[in-house]
Each structure stands twice: as structure tokens, then as C-alpha cells.
Amino acid sequence: MTDAPIILHEPQFQQLRHILNKLRLESFSRVVFLVDKNGQQIAAHGEVGDLDTTSLASLAAGNVAATGGMAQLIGEKEFPTLSHEGERDSIHICIIGRVLLVVVFDERSSLGLVKLRVKQASRDLSVLFKEVERIALERKNSEESIFAEITDDDIDSLFN
Amino acid sequence: MTFINYASREINCKIVYYGPGLCGKTTNLQYIYDTTAPTAKGKLISLATETDRTLFFDFMPLELGTVRGFKTRFHLYTVPGQVFYDASRKLILKGVDGVVFVADSQEERMDANIESLYNLEENLQSNGYDLSKIPYVLQLNKRDLPNILPAEEMAAELRRNGEPIHEAVASNGAGVFDTLKSVAKQVLNELKKS
């Protein structure tokens, strides 16, 4: 059995964007994005420009998975935060349940400030994702999925 | 684990190519990358050793088009095939939506295929999945080489639960898209049920 999918609806997505935007402004960071633990980007906010956020999301998840594996080998459950400091730009990653909050920042900010603001945003995101899960469960029980109507022809047409 | 975003109307799924060392997993991805329109793909990320052996994973996002108004994006991953990278393989299987097992058709690699397939079953189980219940395709690769086993013999040994089997030569692309289509179809059909 696969895990339950993460399903985001418009109101929660807007709320999510609001939280990320607030975090970016308050932490003076370049880009803030949210990734699921399997490497899929959920949302990004900030000076994205030509930054390859899809690859960054996948690598951030790989990074967390690898350090999580190391944590377990030494008897820890996981390492809840990771920071990589470069000459100019740095990355801070924080695990929040099923998702990762990734903050890219430069000399306009500092690791201390980013960590502080991330802590605050984590609380908001935890609440939001509990709500997302609740809604997904509620809708699953009460509504027919729109994907139930996908036909074989729909799928075939993707490859033509 | 599929991610569905109703706001941006996107579906994201994860497909993992598994198999023994040097069976052609990266070659499958490389062919898909080389022959896909630039607008439909992202970068091919390869975390490899200096001798081009996969160290952690290869990754490539592929956008196939829209289904019922939703953009479908498949994230394709390969695992490192060499036996001692087992911890990495286990991690990459987390949240997988579909698996392609790439078997090396050369006679002398049959034991490696069997070992890798057992390893896949074990690693899926440790992540809470059952190979017989998830979208799964078996690819018999390197069909152009002289010392290969007959497809029927390989199927008898490697087929688990009536999964689709595709013969392939990943280096020239034969069977590569058939394999991908076959697993993608199962993943989307799975979505219908959820």
C-alpha cells in the first residue's frame, strides 16, 4: 500500500503561500520552499529566477533522507534540521512531519535569524498540514474522486 | 506517494527504476532525457562516482501532458545497483508510486537479477509496500547482446504476479517508452481507485 497522497485545495494553498511569503520577508531570505519528503516541490516563494527548484527539491529530500539514515545508524530518530553554509549563499532545511521547509539565504540574513523565523513558521505549517489531512480524509469519505473518471484513452493520449 | 495540487492543477508521481549494477537503469533515464522535448523535462541530475556509477540516485522530472485538466508530472529515479549501496536504495523507495525492475538479459547476470529482485521485495516491505500490490513492470534489457537468455526463461524466473514484461535495448531506446508508459498507466489507474 502506498501512503495517502497529499492533496492541496485552493484555500490551503493560498494559506501556505502566505506563510512562506511571511517567512521569506521576516527572515530576509532569497527563496523559501516547501517540499514533501519524497522530493516533490509543493510550493516556492521568493527570488526563484532561473533557480532549478525541481532539482533542488529532489536533492534536498535526498539530503534529508541520507542524513536521516545516518541518524538512525547512531540511534537517533532523525536530525530535524540541517544547515549548509556557503561563501555567499546558504541553505537551512527543517523537517515538519511529512514535509521539508527549505530556506535559501545570503549575506542579507543570518543562520540565527533564519532558524528563529523557521521555528515560528513551522508551527503554522504543522497546523495547516493537519487541516490538509483532515480535509483530504473528509472528502475521501464523502466525494467521488475526479480521477475516478480517467479513461484508458486519457492515459494513452499522454504518450501520443 | 502522489501529490495532487488542486490550486495549480498538478499531479506529481514518483517512479523508481531498480535492478542490479550495470543493468541499464541510468541508460533508460538518459534515453528518455535525450529524446524528450526540452519543454517537457527538467534537468537530469546524476549523483554518480567519477567512473559514472550511480552513487545515490539519478533524477529527472518529466511532464507528460494533461489528464482531466491536471498537468501530470512524473519524477523518475534510479537507485544505485551495486550491492553495498543498500541503505541508499531503501531511502529512494520511500513514497514510490511505481517501480520498474530492469533485468540484465545476459546469462551470467541472472544471479544478480534474482538477488536484486529479492532485495527490491525486502526493501519495499521495510517501507510498508507489497511488490504484488503496487504498479510494477519488468523490463528485460540488453536484448541485442549475443549471450542472452530466452525471454520466456527470464520471465519464468523473475515474473512475480503477472506484471507486464517489456523487452528492451535501452542504449538505442527500444522498449524504453513502452516500459515507462506501462508503469505510468498503472500509476494513474491506481489514482482512480484512491
# chains A, B, ... in the order shown; residues from 1 in each chain; ligands from 1

call {"tool": "closest_atom_pairs", "arguments": {"of": "chain A", "to": "chain B", "cutoff": "7 Å", "atoms": "only C-alpha atoms", "output": "Markdown table"}}
result
| residue | atom | partner | partner_atom | distance |
| --- | --- | --- | --- | --- |
| A:Met1 | CA | B:Tyr129 | CA | 5.1 |
| A:Thr2 | CA | B:Met1 | CA | 6.1 |
| A:Asp3 | CA | B:Met1 | CA | 5.5 |
| A:Ala4 | CA | B:Met1 | CA | 6.6 |
| A:Pro5 | CA | B:Thr2 | CA | 4.8 |
| A:Ile6 | CA | B:Phe3 | CA | 4.9 |
| A:Ile7 | CA | B:Ile4 | CA | 4.8 |
| A:Leu8 | CA | B:Asn5 | CA | 4.8 |
| A:His9 | CA | B:Tyr6 | CA | 5.0 |
| A:Glu10 | CA | B:Ala7 | CA | 4.5 |
| A:Phe13 | CA | B:Ala7 | CA | 6.5 |
| A:Asn38 | CA | B:Gly95 | CA | 5.8 |
| A:Ser55 | CA | B:Lys43 | CA | 7.0 |
| A:Ala65 | CA | B:Leu91 | CA | 6.2 |
| A:Phe147 | CA | B:Lys192 | CA | 4.9 |
| A:Ala148 | CA | B:Lys192 | CA | 4.2 |
| A:Ile150 | CA | B:Lys192 | CA | 6.7 |
| A:Asp154 | CA | B:Val67 | CA | 6.1 |
| A:Ile155 | CA | B:Lys185 | CA | 6.3 |
| A:Leu158 | CA | B:Gly65 | CA | 5.6 |

call {"tool": "write_last_selection", "arguments": {"atoms": "C-alpha atoms", "output": "compact mmCIF listing (two decimals), in the first residue's frame"}}
result
# COMPACT_ATOMS: atom_id res chain seq x y z
CA MET A 1 0.00 0.00 0.00
CA THR A 2 1.23 3.49 -0.82
CA ASP A 3 0.93 6.42 1.61
CA ALA A 4 -2.10 8.64 1.37
CA PRO A 5 -1.45 11.35 -1.22
CA ILE A 6 -1.01 14.96 -0.14
CA ILE A 7 -3.99 16.80 -1.65
CA LEU A 8 -3.95 20.59 -1.58
CA HIS A 9 -7.04 22.67 -2.33
CA GLU A 10 -7.07 26.37 -3.23
CA PHE A 13 -2.60 26.53 -0.98
CA ASN A 38 9.92 12.28 -1.34
CA SER A 55 16.09 19.61 -8.84
CA ALA A 65 16.87 11.02 3.64
CA PHE A 147 -9.73 10.92 -11.06
CA ALA A 148 -12.24 8.07 -10.97
CA ILE A 150 -9.92 8.94 -16.02
CA ASP A 154 -6.94 9.80 -21.41
CA ILE A 155 -3.84 7.93 -20.32
CA LEU A 158 -0.36 11.38 -22.77

call {"tool": "residues_around", "arguments": {"residues": "B:Gln106", "least_positions_apart": "6", "cutoff": "12 Å", "atoms": "only C-alpha atoms", "output": "ChimeraX atom specification"}}
result
/B:20,22-23,112-113,140-151,153-154

call {"tool": "select_by_dssp", "arguments": {"residues": "stretch 8-107 of chain A", "states": "strand (DSSP E)", "output": "number ranges by chain"}}
result
A: 8, 31-36, 41-46, 81-85, 90-96, 99-105

call {"tool": "closest_residue", "arguments": {"among": "A:Phe159, A:Asn21, A:Val32, A:Gly46", "to": "B:Leu62", "atoms": "only C-alpha atoms"}}
result
A:Phe159

call {"tool": "atom_distance", "arguments": {"atom1": "atom CA of A:Val132", "atom2": "atom CA of A:Val35"}}
result
15.0 Å

call {"tool": "select_by_dssp", "arguments": {"residues": "chain A", "states": "helix (DSSP H, G or I)", "output": "PyMOL selection string"}}
result
chain A and resi 10-27+53-73+111-142+146-149+152-158

call {"tool": "closest_residue", "arguments": {"among": "A:Glu87, A:Glu107, A:Asp152, A:Asp36", "to": "A:Leu59", "atoms": "only C-alpha atoms"}}
result
A:Asp36

call {"tool": "atom_distance", "arguments": {"atom1": "atom CA of A:Glu26", "atom2": "atom CA of A:Gly86"}}
result
21.1 Å

call {"tool": "decode", "arguments": {"residues": "stretch 126-139 of chain B", "atoms": "N, CA and C atoms", "output": "tab-separated table (two decimals), in the first residue's frame"}}
result
chain	number	residue	atom	x	y	z
B	126	SER	N	10.12	-3.22	3.87
B	126	SER	CA	10.57	-2.42	5.02
B	126	SER	C	10.02	-0.99	4.93
B	127	ASN	N	9.55	-0.59	3.75
B	127	ASN	CA	8.90	0.72	3.62
B	127	ASN	C	7.38	0.59	3.67
B	128	GLY	N	6.89	-0.62	3.93
B	128	GLY	CA	5.44	-0.83	4.06
B	128	GLY	C	4.71	-1.10	2.75
B	129	TYR	N	5.44	-1.49	1.70
B	129	TYR	CA	4.79	-1.78	0.42
B	129	TYR	C	4.87	-3.28	0.12
B	130	ASP	N	3.99	-3.70	-0.80
B	130	ASP	CA	4.00	-5.09	-1.23
B	130	ASP	C	4.16	-5.07	-2.75
B	131	LEU	N	5.21	-5.72	-3.24
B	131	LEU	CA	5.50	-5.68	-4.68
B	131	LEU	C	4.30	-6.12	-5.52
B	132	SER	N	3.54	-7.06	-4.99
B	132	SER	CA	2.42	-7.57	-5.80
B	132	SER	C	1.23	-6.61	-5.82
B	133	LYS	N	1.30	-5.55	-5.01
B	133	LYS	CA	0.14	-4.65	-4.96
B	133	LYS	C	0.42	-3.26	-5.52
B	134	ILE	N	1.67	-2.96	-5.84
B	134	ILE	CA	1.96	-1.62	-6.36
B	134	ILE	C	2.17	-1.69	-7.89
B	135	PRO	N	2.00	-0.55	-8.58
B	135	PRO	CA	2.28	-0.53	-10.01
B	135	PRO	C	3.72	-1.00	-10.28
B	136	TYR	N	3.84	-2.02	-11.13
B	136	TYR	CA	5.15	-2.65	-11.30
B	136	TYR	C	5.30	-3.23	-12.71
B	137	VAL	N	6.47	-3.02	-13.29
B	137	VAL	CA	6.76	-3.52	-14.64
B	137	VAL	C	8.14	-4.17	-14.64
B	138	LEU	N	8.26	-5.27	-15.39
B	138	LEU	CA	9.55	-5.94	-15.53
B	138	LEU	C	10.10	-5.65	-16.92
B	139	GLN	N	11.32	-5.11	-16.97
B	139	GLN	CA	11.95	-4.86	-18.28
B	139	GLN	C	13.12	-5.81	-18.46
